[in-house]
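Worksheet: one structure, shown below.
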Amino acid sequence: MDLRFGDSKPTDEERAAVDALLGPPESSWEGADRSDADLRWARGGREARDRRDQLLPALHALNDRVGWISEGALDYVCRRLTVPPAEAYGVATFYAMFSVRPRPATVLHVCTDLACTAAGASELCAAVEARLGPESGVKVERSPCLGLCERAPATLTIRAGTPARPGVPPLGELEDEAVQAESGGPGAAALGDGKGKGRRGRNTLHATAVCAPATPAQAIAAATAPESAPTEPTPETAVPQTGTPTLTLLHRIGAADPTSLDDYRAHGGYTALRRAFALGPAAVIREVTDAGLVGRGGAAFPTGRKWQATAAQPDHPHYLVCNADESEPGTFKDRVLMEGDPYALVEAMTIAAYATGAHQGYLYLRGEYPRALARVTHAIEQARTRGLLGDDVLGQGYAFDIEIRRGAGAYICGEETALFNSIEGHRGEPHSKPPFPVEKGLFGKPTVENNVETLVNVLPILTTGAEAYAAIGTPTSTGPKLFCVSGSVARPGVYELPFGATLGELLTLAGVRDSLRAVLLGGAAGGFVRPDELDIPLTFEGTREAGTTLGSGVVMAFDDTVPLPRLLLRIAEFFRDESCGQCVPCRVGTVRQEEALHRIADRTGAAAADDIALLREVGRAMRDASICGLGQTAWNAVESAIDRLGAYE
């Protein structure tokens, strides 16, 4: 039996929000006024079902305009897209940034994850909640990692409403006036029809304000007095090495204007794409393979093999997906790249698509990254205007375009099959492999999926050559690597080092404190190491031999003022909240893990032995039987804290 919404009707504002995205309804079957013609046949059903992938953008449109998704609004979306109401409700309730219950138009997200917890997020949140009562018109929500770990503690204010309302200034300046004029306003997004068929519209973003590092007064001011919102620091402030001549991936950040295509080209931009066209698709894949490039998201799968497997598939069309949904606590490198060098990502995606035979690319971007969204949207529009995207890229007769899809707060969507489901308009739940995405990925077609850092590495491979690139790092871990350093250090930020540098060398650059207690590698899904293990080489094989993981490059340092049991409990809470619930080992195991950690939070030694034994049993079950990496890694950090740090001794 399907879910029905009864007599609930959308408001005029809700209809306007949906129609601005999908266009006006063409018949009463889609929500228009009934006419005699509609009584004779049902029109457009197949086309409407073919637009199922517009469900997530439609929910964003409602949430941006109204602040929540009512039954009437959801029913109208279902009619427009011919989606069963039960399925649409399941999607709307899957994402943390959406609400199906009434809430104020202004929501203040206070990050309570690892770096922010260590920087006093609990006190910040308590102070904000004490001063912002129900009468303030602001909803305060405790949020998982906002990707602002280098400036912890952090808050993100989101204000819903009709764009450009008279008398209501924007919450923070994301871009200067020239950029807003060129891009159609901050956050103007180019939308396709879901399968690269070329229909584009605009959907102007809601207003946002980022406070990091945040004080209670600043966070409250950003939520209640938009004109007093602090200006967000420029991207180069997150790169302590800015100006270092040896940088490869970060050399343009702070040197080139991220809003200027001409400035990007003056600093070497689009040299790699021109060489790619000169080489041809097969030779580009060979260069990437010979360079030894592997995925930078944590799995470390050879990028050239993935590209070759996709390019060889006879089924068409092929798709390219850039995974910019970096939700791992402690990770913010992709955000810095997109904010500080957005054209590099556009160029790299074009090269990857050319090599694999794709003509449509999707950039799946975290919903918590408003400035990255504005910057990349502007870059895509300028590249399209200048003939660097579109039907004839650089006059080479090759067609390629990029569509941005915004996430809505779901850690699991960083897993590639869950990400595909999210784009297609389903719940972001992963599925078992095979078939692998290179065979059947997005929309059931061959798909290559890479994250931002992986793609940006393609540019130096083509400009300097595979041999020169492979000479950086070690024979088995080649090239430069970005590390996100936060926590108890003097200079947090994104650092670029060649593979093979040691953990101690990295922390020396960041200014580690003398009272170091532990270092977390790989984020919540990673593992802890002791202060006497700083000679670990930062390579995939080196960390593996040391019994830990490099992951996506998270390095979080904690001194002896940070309560370790509280950090472990926060990690357990994170995995419990972010589990999609699809498989029993993860759905039940993450809950049991958190319950056990609550019980032993204030106990040590023999009193905690039984619960530690239970934790090990639950952890093994999650690792062996969970469908995806979330459940398989949910026990890693807790296990390492118990075994390496003696957390409960």
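For the structure tokens, the naming scheme is as follows: chains receive sequential letters (A, B, ...) according to their order of presentation, residues are indexed from 1 within each chain, and ligands are indexed from 1 in presentation order.
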
Shell of 6 Å around Thr502 in chain A, only C-alpha atoms, local chain residues under 6 positions omitted, as a PyMOL selection string: chain A and resi 535-538

Take the residues that were just selected and, keeping N, CA, C and O atoms, output them as an mmCIF file, in the first residue's frame.
```cif
data_model
loop_
_atom_site.group_PDB
_atom_site.id
_atom_site.type_symbol
_atom_site.label_atom_id
_atom_site.label_comp_id
_atom_site.auth_asym_id
_atom_site.auth_seq_id
_atom_site.Cartn_x
_atom_site.Cartn_y
_atom_site.Cartn_z
ATOM 1 N N ASP A 535 57.551 8.305 12.999
ATOM 2 C CA ASP A 535 58.421 7.986 11.871
ATOM 3 C C ASP A 535 57.707 7.172 10.802
ATOM 4 O O ASP A 535 58.336 6.714 9.838
ATOM 5 N N ILE A 536 56.392 7.002 10.919
ATOM 6 C CA ILE A 536 55.625 6.261 9.918
ATOM 7 C C ILE A 536 55.687 7.005 8.593
ATOM 8 O O ILE A 536 55.372 8.198 8.526
ATOM 9 N N PRO A 537 56.094 6.328 7.515
ATOM 10 C CA PRO A 537 56.097 7.002 6.209
ATOM 11 C C PRO A 537 54.675 7.180 5.700
ATOM 12 O O PRO A 537 53.853 6.262 5.777
ATOM 13 N N LEU A 538 54.394 8.356 5.179
ATOM 14 C CA LEU A 538 53.048 8.653 4.699
ATOM 15 C C LEU A 538 52.900 8.152 3.264
ATOM 16 O O LEU A 538 52.920 8.903 2.294
#
```

Considering only helix (DSSP H, G or I) as DSSP defines it on the backbone, what residues of range 411-543 of chain A qualify? List them as a short mmCIF file (atom, residue, chain, number, x, y, z; two decimals) with all heavy atoms, in the first residue's frame.
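Once written, out-v6.cif looks like this:
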```cif
data_model
loop_
_atom_site.label_atom_id
_atom_site.label_comp_id
_atom_site.auth_asym_id
_atom_site.auth_seq_id
_atom_site.Cartn_x
_atom_site.Cartn_y
_atom_site.Cartn_z
N TYR A 411 26.77 11.24 4.82
CA TYR A 411 28.14 10.73 4.74
C TYR A 411 28.24 9.54 3.80
O TYR A 411 29.21 9.39 3.06
CB TYR A 411 28.60 10.36 6.15
CG TYR A 411 29.91 9.63 6.28
CD1 TYR A 411 31.12 10.30 6.13
CD2 TYR A 411 29.94 8.27 6.59
CE1 TYR A 411 32.33 9.63 6.29
CE2 TYR A 411 31.15 7.60 6.75
CZ TYR A 411 32.33 8.28 6.59
OH TYR A 411 33.53 7.62 6.75
N ILE A 412 27.21 8.69 3.80
CA ILE A 412 27.24 7.47 3.01
C ILE A 412 27.32 7.77 1.52
O ILE A 412 27.77 6.94 0.73
CB ILE A 412 25.99 6.61 3.32
CG1 ILE A 412 26.10 5.21 2.70
CG2 ILE A 412 24.72 7.30 2.85
CD1 ILE A 412 27.22 4.39 3.24
N CYS A 413 26.90 8.96 1.11
CA CYS A 413 26.94 9.29 -0.32
C CYS A 413 28.35 9.51 -0.83
O CYS A 413 28.54 9.71 -2.04
CB CYS A 413 26.06 10.51 -0.61
SG CYS A 413 24.29 10.16 -0.52
N GLY A 414 29.35 9.46 0.03
CA GLY A 414 30.72 9.44 -0.44
C GLY A 414 31.09 8.11 -1.05
O GLY A 414 32.07 8.01 -1.80
N GLU A 416 30.64 5.32 -3.79
CA GLU A 416 30.29 5.60 -5.18
C GLU A 416 28.92 5.10 -5.58
O GLU A 416 28.17 5.81 -6.28
CB GLU A 416 31.35 5.06 -6.13
CG GLU A 416 31.62 3.58 -6.03
CD GLU A 416 32.78 3.14 -6.91
OE1 GLU A 416 33.34 3.98 -7.63
OE2 GLU A 416 33.13 1.94 -6.87
N THR A 417 28.52 3.89 -5.17
CA THR A 417 27.20 3.40 -5.60
C THR A 417 26.08 4.14 -4.88
O THR A 417 25.00 4.35 -5.45
CB THR A 417 27.09 1.89 -5.36
OG1 THR A 417 27.25 1.59 -3.97
CG2 THR A 417 28.14 1.14 -6.16
N ALA A 418 26.31 4.55 -3.63
CA ALA A 418 25.32 5.37 -2.93
C ALA A 418 25.19 6.73 -3.60
O ALA A 418 24.09 7.28 -3.71
CB ALA A 418 25.72 5.54 -1.46
N LEU A 419 26.32 7.28 -4.06
CA LEU A 419 26.31 8.56 -4.77
C LEU A 419 25.49 8.45 -6.05
O LEU A 419 24.70 9.34 -6.38
CB LEU A 419 27.75 8.97 -5.06
CG LEU A 419 28.03 10.34 -5.68
CD1 LEU A 419 29.45 10.77 -5.32
CD2 LEU A 419 27.89 10.31 -7.18
N PHE A 420 25.66 7.35 -6.80
CA PHE A 420 24.88 7.17 -8.02
C PHE A 420 23.38 7.12 -7.71
O PHE A 420 22.57 7.73 -8.41
CB PHE A 420 25.29 5.88 -8.73
CG PHE A 420 26.72 5.84 -9.17
CD1 PHE A 420 27.37 4.63 -9.36
CD2 PHE A 420 27.44 7.00 -9.38
CE1 PHE A 420 28.69 4.58 -9.75
CE2 PHE A 420 28.77 6.97 -9.78
CZ PHE A 420 29.40 5.74 -9.96
N ASN A 421 23.01 6.39 -6.67
CA ASN A 421 21.61 6.32 -6.28
C ASN A 421 21.07 7.70 -5.93
O ASN A 421 19.93 8.05 -6.26
CB ASN A 421 21.42 5.39 -5.08
CG ASN A 421 21.26 3.94 -5.48
OD1 ASN A 421 20.83 3.64 -6.59
ND2 ASN A 421 21.62 3.03 -4.60
N SER A 422 21.89 8.51 -5.27
CA SER A 422 21.46 9.85 -4.89
C SER A 422 21.21 10.71 -6.13
O SER A 422 20.19 11.41 -6.21
CB SER A 422 22.52 10.50 -4.00
OG SER A 422 22.13 11.80 -3.59
N ILE A 423 22.12 10.66 -7.09
CA ILE A 423 21.93 11.43 -8.32
C ILE A 423 20.67 10.98 -9.06
O ILE A 423 19.91 11.79 -9.61
CB ILE A 423 23.16 11.30 -9.24
CG1 ILE A 423 24.37 12.00 -8.61
CG2 ILE A 423 22.88 11.88 -10.63
CD1 ILE A 423 25.65 11.85 -9.41
N GLU A 424 20.41 9.68 -9.05
CA GLU A 424 19.27 9.14 -9.79
C GLU A 424 17.94 9.42 -9.12
O GLU A 424 16.88 9.12 -9.69
CB GLU A 424 19.46 7.64 -9.97
CG GLU A 424 20.61 7.28 -10.90
CD GLU A 424 20.91 5.79 -10.91
OE1 GLU A 424 20.12 5.02 -10.33
OE2 GLU A 424 21.93 5.39 -11.49
N LEU A 442 26.27 4.89 -13.10
CA LEU A 442 25.19 5.87 -13.11
C LEU A 442 24.22 5.57 -14.24
O LEU A 442 24.64 5.37 -15.39
CB LEU A 442 25.79 7.27 -13.27
CG LEU A 442 24.82 8.45 -13.16
CD1 LEU A 442 24.21 8.52 -11.77
CD2 LEU A 442 25.53 9.75 -13.50
N PHE A 443 22.94 5.54 -13.92
CA PHE A 443 21.88 5.22 -14.88
C PHE A 443 22.12 3.88 -15.57
O PHE A 443 21.66 3.65 -16.68
CB PHE A 443 21.72 6.33 -15.93
CG PHE A 443 21.48 7.69 -15.35
CD1 PHE A 443 22.38 8.73 -15.58
CD2 PHE A 443 20.36 7.94 -14.58
CE1 PHE A 443 22.16 9.99 -15.04
CE2 PHE A 443 20.14 9.20 -14.03
CZ PHE A 443 21.03 10.22 -14.26
N GLY A 444 22.85 2.97 -14.90
CA GLY A 444 23.10 1.66 -15.45
C GLY A 444 24.11 1.64 -16.58
O GLY A 444 24.23 0.62 -17.29
N VAL A 452 38.02 14.86 -6.18
CA VAL A 452 38.61 16.10 -6.69
C VAL A 452 40.13 16.01 -6.74
O VAL A 452 40.75 16.33 -7.76
CB VAL A 452 38.17 17.30 -5.81
CG1 VAL A 452 38.88 18.58 -6.26
CG2 VAL A 452 36.66 17.48 -5.88
N GLU A 453 40.75 15.57 -5.66
CA GLU A 453 42.22 15.53 -5.62
C GLU A 453 42.78 14.60 -6.68
O GLU A 453 43.78 14.90 -7.34
CB GLU A 453 42.70 15.10 -4.23
CG GLU A 453 44.22 15.12 -4.11
CD GLU A 453 44.74 14.52 -2.82
OE1 GLU A 453 43.92 14.16 -1.95
OE2 GLU A 453 45.97 14.40 -2.69
N THR A 454 42.14 13.44 -6.87
CA THR A 454 42.61 12.50 -7.89
C THR A 454 42.60 13.15 -9.27
O THR A 454 43.57 13.06 -10.03
CB THR A 454 41.72 11.24 -7.90
OG1 THR A 454 41.67 10.67 -6.60
CG2 THR A 454 42.25 10.21 -8.88
N LEU A 455 41.49 13.81 -9.60
CA LEU A 455 41.37 14.43 -10.91
C LEU A 455 42.39 15.55 -11.11
O LEU A 455 43.00 15.67 -12.18
CB LEU A 455 39.95 14.95 -11.11
CG LEU A 455 38.87 13.88 -11.31
CD1 LEU A 455 37.48 14.48 -11.20
CD2 LEU A 455 39.04 13.20 -12.66
N VAL A 456 42.59 16.38 -10.11
CA VAL A 456 43.52 17.50 -10.25
C VAL A 456 44.95 17.00 -10.47
O VAL A 456 45.76 17.66 -11.11
CB VAL A 456 43.41 18.43 -9.03
CG1 VAL A 456 44.50 19.48 -9.03
CG2 VAL A 456 42.04 19.10 -9.00
N VAL A 458 45.80 14.80 -12.48
CA VAL A 458 45.97 14.49 -13.90
C VAL A 458 46.67 15.65 -14.63
O VAL A 458 47.41 15.43 -15.60
CB VAL A 458 44.61 14.18 -14.55
CG1 VAL A 458 44.73 14.03 -16.06
CG2 VAL A 458 44.02 12.91 -13.94
N LEU A 459 46.46 16.87 -14.17
CA LEU A 459 47.04 18.04 -14.86
C LEU A 459 48.56 18.01 -14.87
O LEU A 459 49.17 18.14 -15.94
CB LEU A 459 46.51 19.33 -14.23
CG LEU A 459 44.98 19.48 -14.19
CD1 LEU A 459 44.60 20.84 -13.60
CD2 LEU A 459 44.37 19.31 -15.58
N PRO A 460 49.25 17.84 -13.73
CA PRO A 460 50.71 17.78 -13.80
C PRO A 460 51.22 16.54 -14.52
O PRO A 460 52.33 16.56 -15.08
CB PRO A 460 51.15 17.78 -12.32
CG PRO A 460 49.95 17.35 -11.56
CD PRO A 460 48.78 17.87 -12.33
N ILE A 461 50.44 15.45 -14.54
CA ILE A 461 50.88 14.27 -15.29
C ILE A 461 51.00 14.61 -16.77
O ILE A 461 51.98 14.23 -17.44
CB ILE A 461 49.89 13.11 -15.08
CG1 ILE A 461 50.00 12.57 -13.65
CG2 ILE A 461 50.15 11.98 -16.08
CD1 ILE A 461 48.97 11.51 -13.31
N LEU A 462 50.04 15.36 -17.30
CA LEU A 462 50.06 15.68 -18.72
C LEU A 462 50.99 16.84 -19.05
O LEU A 462 51.52 16.91 -20.16
CB LEU A 462 48.65 15.99 -19.21
CG LEU A 462 47.68 14.79 -19.23
CD1 LEU A 462 46.33 15.20 -19.78
CD2 LEU A 462 48.24 13.64 -20.06
N THR A 463 51.19 17.74 -18.13
CA THR A 463 52.05 18.89 -18.43
C THR A 463 53.53 18.57 -18.25
O THR A 463 54.38 19.10 -18.98
CB THR A 463 51.69 20.10 -17.55
OG1 THR A 463 51.70 19.71 -16.17
CG2 THR A 463 50.30 20.62 -17.91
N THR A 464 53.87 17.71 -17.30
CA THR A 464 55.28 17.37 -17.06
C THR A 464 55.65 16.01 -17.60
O THR A 464 56.85 15.72 -17.76
CB THR A 464 55.60 17.41 -15.55
OG1 THR A 464 54.86 16.38 -14.87
CG2 THR A 464 55.24 18.75 -14.95
N ALA A 466 54.51 11.56 -17.63
CA ALA A 466 54.34 10.50 -16.65
C ALA A 466 55.63 10.18 -15.90
O ALA A 466 55.62 9.93 -14.69
CB ALA A 466 53.80 9.24 -17.34
N GLU A 467 56.74 10.21 -16.60
CA GLU A 467 58.02 9.86 -15.97
C GLU A 467 58.39 10.87 -14.88
O GLU A 467 58.82 10.49 -13.78
CB GLU A 467 59.12 9.78 -17.02
CG GLU A 467 60.46 9.31 -16.46
CD GLU A 467 61.52 9.17 -17.55
OE1 GLU A 467 61.17 9.32 -18.75
OE2 GLU A 467 62.69 8.93 -17.19
N ALA A 468 58.24 12.15 -15.17
CA ALA A 468 58.57 13.18 -14.18
C ALA A 468 57.64 13.10 -12.98
O ALA A 468 58.06 13.28 -11.83
CB ALA A 468 58.51 14.56 -14.82
N TYR A 469 56.36 12.83 -13.24
CA TYR A 469 55.40 12.71 -12.14
C TYR A 469 55.74 11.51 -11.27
O TYR A 469 55.74 11.59 -10.03
CB TYR A 469 53.99 12.58 -12.70
CG TYR A 469 52.92 12.47 -11.63
CD1 TYR A 469 52.30 13.61 -11.12
CD2 TYR A 469 52.53 11.23 -11.13
CE1 TYR A 469 51.33 13.51 -10.14
CE2 TYR A 469 51.55 11.13 -10.16
CZ TYR A 469 50.94 12.27 -9.66
OH TYR A 469 49.98 12.17 -8.69
N ALA A 470 56.04 10.36 -11.90
CA ALA A 470 56.33 9.15 -11.14
C ALA A 470 57.61 9.27 -10.33
O ALA A 470 57.82 8.51 -9.37
CB ALA A 470 56.42 7.96 -12.09
N LEU A 503 55.26 11.11 9.08
CA LEU A 503 54.26 11.81 9.87
C LEU A 503 54.90 12.89 10.73
O LEU A 503 54.35 13.99 10.88
CB LEU A 503 53.51 10.80 10.75
CG LEU A 503 52.45 11.35 11.69
CD1 LEU A 503 51.36 12.11 10.95
CD2 LEU A 503 51.82 10.20 12.52
N GLY A 504 56.07 12.61 11.25
CA GLY A 504 56.76 13.61 12.07
C GLY A 504 57.14 14.84 11.29
O GLY A 504 57.05 15.97 11.79
N GLU A 505 57.60 14.66 10.05
CA GLU A 505 57.95 15.81 9.21
C GLU A 505 56.73 16.68 8.92
O GLU A 505 56.82 17.92 8.93
CB GLU A 505 58.56 15.31 7.89
CG GLU A 505 59.93 14.67 8.06
CD GLU A 505 60.41 13.98 6.79
OE1 GLU A 505 59.57 13.77 5.87
OE2 GLU A 505 61.61 13.65 6.71
N LEU A 506 55.60 16.04 8.68
CA LEU A 506 54.37 16.80 8.43
C LEU A 506 53.96 17.59 9.67
O LEU A 506 53.63 18.78 9.58
CB LEU A 506 53.26 15.85 8.01
CG LEU A 506 51.86 16.47 7.84
CD1 LEU A 506 51.86 17.57 6.79
CD2 LEU A 506 50.84 15.39 7.49
N LEU A 507 54.01 16.94 10.83
CA LEU A 507 53.59 17.62 12.05
C LEU A 507 54.58 18.72 12.44
O LEU A 507 54.18 19.72 13.06
CB LEU A 507 53.43 16.61 13.18
CG LEU A 507 52.24 15.65 13.03
CD1 LEU A 507 52.22 14.63 14.16
CD2 LEU A 507 50.92 16.43 13.00
N THR A 508 55.82 18.56 12.09
CA THR A 508 56.79 19.64 12.35
C THR A 508 56.43 20.87 11.53
O THR A 508 56.50 22.01 12.03
CB THR A 508 58.21 19.16 12.00
OG1 THR A 508 58.55 18.05 12.84
CG2 THR A 508 59.21 20.28 12.20
N LEU A 509 56.04 20.69 10.26
CA LEU A 509 55.61 21.81 9.44
C LEU A 509 54.40 22.50 10.06
O LEU A 509 54.27 23.72 10.02
CB LEU A 509 55.25 21.32 8.03
CG LEU A 509 56.40 20.97 7.09
CD1 LEU A 509 55.85 20.41 5.79
CD2 LEU A 509 57.26 22.20 6.80
N ALA A 510 53.49 21.70 10.62
CA ALA A 510 52.25 22.24 11.17
C ALA A 510 52.44 22.79 12.58
O ALA A 510 51.53 23.45 13.11
CB ALA A 510 51.16 21.18 11.18
N GLY A 523 40.83 10.00 9.50
CA GLY A 523 39.52 10.46 9.94
C GLY A 523 38.82 9.44 10.82
O GLY A 523 39.44 8.53 11.38
N ALA A 524 37.50 9.57 10.94
CA ALA A 524 36.73 8.68 11.80
C ALA A 524 36.85 7.23 11.36
O ALA A 524 36.71 6.31 12.17
CB ALA A 524 35.26 9.12 11.80
N ALA A 525 37.07 7.00 10.06
CA ALA A 525 37.22 5.64 9.54
C ALA A 525 38.66 5.16 9.59
O ALA A 525 38.96 4.07 9.11
CB ALA A 525 36.71 5.58 8.10
N PRO A 531 52.43 9.01 19.97
CA PRO A 531 53.46 10.04 19.71
C PRO A 531 54.83 9.47 19.39
O PRO A 531 55.65 10.16 18.77
CB PRO A 531 53.48 10.85 21.02
CG PRO A 531 52.17 10.59 21.66
CD PRO A 531 51.78 9.20 21.29
N ASP A 532 55.09 8.21 19.79
CA ASP A 532 56.40 7.61 19.48
C ASP A 532 56.40 6.89 18.14
O ASP A 532 57.36 6.19 17.81
CB ASP A 532 56.81 6.65 20.59
CG ASP A 532 55.83 5.49 20.78
OD1 ASP A 532 54.77 5.50 20.12
OD2 ASP A 532 56.12 4.59 21.58
N GLU A 533 55.36 7.07 17.35
CA GLU A 533 55.27 6.41 16.04
C GLU A 533 55.28 7.43 14.90
O GLU A 533 54.76 7.16 13.82
CB GLU A 533 54.00 5.56 15.96
CG GLU A 533 53.94 4.42 16.94
CD GLU A 533 52.65 3.61 16.84
OE1 GLU A 533 51.58 4.19 17.12
OE2 GLU A 533 52.71 2.43 16.46
N PHE A 540 50.75 4.65 1.14
CA PHE A 540 49.71 3.64 1.36
C PHE A 540 50.31 2.38 1.95
O PHE A 540 49.74 1.78 2.87
CB PHE A 540 49.00 3.33 0.03
CG PHE A 540 48.21 4.49 -0.50
CD1 PHE A 540 48.62 5.17 -1.63
CD2 PHE A 540 47.05 4.92 0.14
CE1 PHE A 540 47.90 6.25 -2.13
CE2 PHE A 540 46.32 5.99 -0.34
CZ PHE A 540 46.75 6.66 -1.48
N GLU A 541 51.48 1.97 1.45
CA GLU A 541 52.08 0.75 1.95
C GLU A 541 52.71 0.96 3.33
O GLU A 541 52.69 0.07 4.19
CB GLU A 541 53.12 0.21 0.97
CG GLU A 541 54.34 1.09 0.75
CD GLU A 541 54.13 2.19 -0.27
OE1 GLU A 541 52.98 2.39 -0.71
OE2 GLU A 541 55.12 2.87 -0.63
N GLY A 542 53.25 2.17 3.57
CA GLY A 542 53.88 2.44 4.86
C GLY A 542 52.89 2.45 6.01
O GLY A 542 53.15 1.88 7.08
N THR A 543 51.76 3.10 5.82
CA THR A 543 50.75 3.12 6.88
C THR A 543 50.13 1.74 7.07
O THR A 543 49.79 1.35 8.19
CB THR A 543 49.65 4.15 6.56
OG1 THR A 543 49.15 3.92 5.23
CG2 THR A 543 50.20 5.56 6.65
#
```

Smallest atom-to-atom distance to Ser486 in chain A: which of A:Leu645, A:Met556, A:Ile472, A:Leu247, using only C-alpha atoms?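 Distance minimum relative to Ser486 in chain A lands on A:Met556.
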
So that I can check the surroundings of range 634-639 of chain A, please list as a PyMOL selection string every protein, DNA and RNA residue that reaches within 6 Å of it, counting only C-alpha atoms and ignoring chain neighbours fewer than 6 positions away. chain A and resi 525-527+619

Quick one: write out the picked residues with C-alpha atoms as a CSV table (one decimal), in the first residue's frame?
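And here's selection-v7.csv as it stands now:
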```
chain,number,residue,atom,x,y,z
A,525,ALA,CA,37.2,5.6,9.5
A,526,GLY,CA,41.0,5.6,10.2
A,527,GLY,CA,43.1,4.8,13.2
A,619,GLY,CA,33.5,-4.7,15.4
```

Output as a Markdown table one row per residue of range 252-298 of chain A within 12 Å of range 380-393 of chain A: the closest atom pair and its distance in Å to one decimal place, counting only C-alpha atoms, sorted by chain and residue number ascending.
```
| residue | atom | partner | partner_atom | distance |
| --- | --- | --- | --- | --- |
| A:Pro258 | CA | A:Gln382 | CA | 11.8 |
| A:Thr259 | CA | A:Gln382 | CA | 9.3 |
| A:Ser260 | CA | A:Gln382 | CA | 8.7 |
| A:Leu261 | CA | A:Gln382 | CA | 7.1 |
| A:Asp262 | CA | A:Gln382 | CA | 10.1 |
| A:Tyr264 | CA | A:Ala383 | CA | 11.2 |
| A:Arg265 | CA | A:Ala383 | CA | 11.3 |
| A:Gly269 | CA | A:Leu388 | CA | 11.4 |
| A:Tyr270 | CA | A:Leu388 | CA | 8.9 |
| A:Leu273 | CA | A:Leu388 | CA | 9.6 |
| A:Arg274 | CA | A:Val393 | CA | 10.2 |
| A:Phe277 | CA | A:Val393 | CA | 10.0 |
```

Counting only C-alpha atoms, the option among A:Thr549, A:Ser327, A:Asn450, A:Ser515 closest to Phe528 in chain A: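 Distance minimum relative to Phe528 in chain A lands on A:Thr549.
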
If you count only C-alpha atoms, which residues fall within 12 Å of range 365-367 of chain A, apart from same-chain ones fewer than 6 positions away, as an NGL selection string? :A and (56-57 or 60 or 63-64 or 95-98 or 145-147 or 156 or 158 or 187 or 189 or 205-206 or 208 or 321-328 or 332 or 334-335 or 338 or 373-377 or 403-414 or 419 or 422-423 or 451-452)

For the residues in that selection, give me C-alpha atoms as an mmCIF file, in the first residue's frame.
```cif
data_model
loop_
_atom_site.group_PDB
_atom_site.id
_atom_site.type_symbol
_atom_site.label_atom_id
_atom_site.label_comp_id
_atom_site.auth_asym_id
_atom_site.auth_seq_id
_atom_site.Cartn_x
_atom_site.Cartn_y
_atom_site.Cartn_z
ATOM 1 C CA LEU A 56 16.926 15.709 -5.252
ATOM 2 C CA PRO A 57 17.234 19.115 -6.996
ATOM 3 C CA HIS A 60 16.615 21.365 -2.619
ATOM 4 C CA ASN A 63 14.110 23.558 1.134
ATOM 5 C CA ASP A 64 15.948 26.616 -0.177
ATOM 6 C CA TYR A 95 19.174 13.595 4.170
ATOM 7 C CA ALA A 96 20.082 15.537 7.291
ATOM 8 C CA MET A 97 19.750 18.968 5.672
ATOM 9 C CA PHE A 98 16.075 18.439 4.788
ATOM 10 C CA CYS A 145 31.770 17.798 10.283
ATOM 11 C CA LEU A 146 31.315 20.944 8.172
ATOM 12 C CA GLY A 147 34.698 20.554 6.454
ATOM 13 C CA LEU A 156 27.080 27.350 9.108
ATOM 14 C CA ILE A 158 21.383 28.739 6.212
ATOM 15 C CA GLY A 187 25.222 29.922 -6.276
ATOM 16 C CA ALA A 189 23.562 26.478 -10.795
ATOM 17 C CA LEU A 205 20.811 29.460 -3.722
ATOM 18 C CA HIS A 206 19.482 30.357 -0.331
ATOM 19 C CA THR A 208 24.433 31.236 3.836
ATOM 20 C CA VAL A 321 31.240 11.553 -11.883
ATOM 21 C CA CYS A 322 33.417 13.729 -9.662
ATOM 22 C CA ASN A 323 32.907 12.846 -6.021
ATOM 23 C CA ALA A 324 33.200 16.133 -4.113
ATOM 24 C CA ASP A 325 31.126 14.909 -1.171
ATOM 25 C CA GLU A 326 34.065 14.783 1.226
ATOM 26 C CA SER A 327 32.244 14.136 4.478
ATOM 27 C CA GLU A 328 34.973 12.278 6.374
ATOM 28 C CA PHE A 332 38.720 19.617 3.748
ATOM 29 C CA ASP A 334 38.751 19.157 -1.860
ATOM 30 C CA ARG A 335 36.945 22.200 -0.486
ATOM 31 C CA MET A 338 37.414 24.031 -5.367
ATOM 32 C CA LEU A 373 29.487 25.747 -5.042
ATOM 33 C CA ALA A 374 29.555 29.403 -6.061
ATOM 34 C CA ARG A 375 33.142 29.225 -7.287
ATOM 35 C CA VAL A 376 32.783 26.008 -9.304
ATOM 36 C CA THR A 377 29.446 27.124 -10.765
ATOM 37 C CA GLU A 403 26.192 19.439 -14.199
ATOM 38 C CA ILE A 404 26.448 20.156 -10.488
ATOM 39 C CA ARG A 405 24.405 18.087 -8.079
ATOM 40 C CA ARG A 406 24.247 19.207 -4.477
ATOM 41 C CA GLY A 407 24.340 16.703 -1.673
ATOM 42 C CA ALA A 408 22.152 17.251 1.353
ATOM 43 C CA GLY A 409 24.048 15.908 4.334
ATOM 44 C CA ALA A 410 24.679 12.159 4.016
ATOM 45 C CA TYR A 411 28.139 10.732 4.737
ATOM 46 C CA ILE A 412 27.236 7.470 3.011
ATOM 47 C CA CYS A 413 26.938 9.290 -0.318
ATOM 48 C CA GLY A 414 30.718 9.438 -0.438
ATOM 49 C CA LEU A 419 26.311 8.557 -4.767
ATOM 50 C CA SER A 422 21.459 9.851 -4.888
ATOM 51 C CA ILE A 423 21.927 11.430 -8.319
ATOM 52 C CA ASN A 451 37.366 12.540 -6.284
ATOM 53 C CA VAL A 452 38.613 16.098 -6.687
#
```

Can you tell me how far CA of Gly395 in chain A sits from CA of Leu363 in chain A, in Å to one decimal?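 Value for the CA of Gly395 in chain A-CA of Leu363 in chain A distance: 23.6 Å.
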
Separating CA of Ala92 in chain A from CA of Ser626 in chain A, to the nearest tenth of an Å, is a gap of 24.4 Å
